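Taking it in order: structure first as structure tokens, then the write-up.
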Amino acid sequence: MTDSGRPPGRAGLGMRDMVGALVVLLVIVGVVATVTRGCSFDPGAPSSDPSSAPTVDVSAKLREAASSVAFPVREPSLPASWHANSSSTTPVGSGADADVIVRVGWLTPGGRYVQLSQSGGAVGEVVAEETGTESEPTGSASVDGMRWDIYPSRRDEVAWVAEKDGAVLLVTGNGNEPEFRDLAAAAVAAKPLAK
């Protein structure tokens, strides 16, 4: 401090002050680099490092859901290279027709995300909840002889929707068509889990 009580200007700072400021700056850069290590910038689509993503026990989550809902819940059999990383349950509908949506999501080997939603609710309500829109189908796809209606979804994604044995099956995410087909086929082929 100078005699006037003010700190010295830049000219009054010594080498020790500059080295101290550089060390603080390097610590901040190191923290930012450590925190963002599992992310990368891709202007085309979000991506992540699957090894740093959370892991979900699909069997346990779906068996737990199957024991508490009235509709049949299926566990799709997918390649080991698909990494299950999310699951959730959300109410859908209202009043006496209220039901739930059971979701499980996977990171695919291509670094994309696909999600299977299953519900005993009405198709329109499930589609609105999962896509964020109340829209009509824009097309359809056939997977192993079953028709899937295609709806627009969030973030320029689509949702494939089919009904089987009193349950609505919905596939969504930023996956490509072969990944949607793989998940749709696995969901339809799976036998309902025991209650």
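The chains in the structure tokens are called A, B, ... from first to last as shown; in each chain the residues are counted from 1, and the ligands are counted from 1 in the order shown.
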Identify, with DSSP run on backbone atoms, the residues in chain A assigned to alpha helix (DSSP H), and express the list as a ChimeraX atom specification. /A:15-35,58-66,123-131,177-189
Just the residues within 12 Å of A:Ser153, please, counting only C-alpha atoms, with nothing from its chain fewer than 5 positions along; format it as a PyMOL selection string. chain A and resi 127-138+158-161+170-174
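Atom to atom, atom CA of A:Thr89 and atom CA of A:Val35 stand 28.8 Å apart.
Distance-wise, atom CA of A:Val188 and atom CA of A:Pro72 end up 11.5 Å apart.
The coordinates place atom CA of A:Leu183 at 15.7 Å from atom CA of A:Ser140.
If only C-alpha atoms are the atoms counted, then among A:Asp99, A:Ala80, A:Ser87, A:Ala33 the closest residue to A:Ser68 is A:Asp99.
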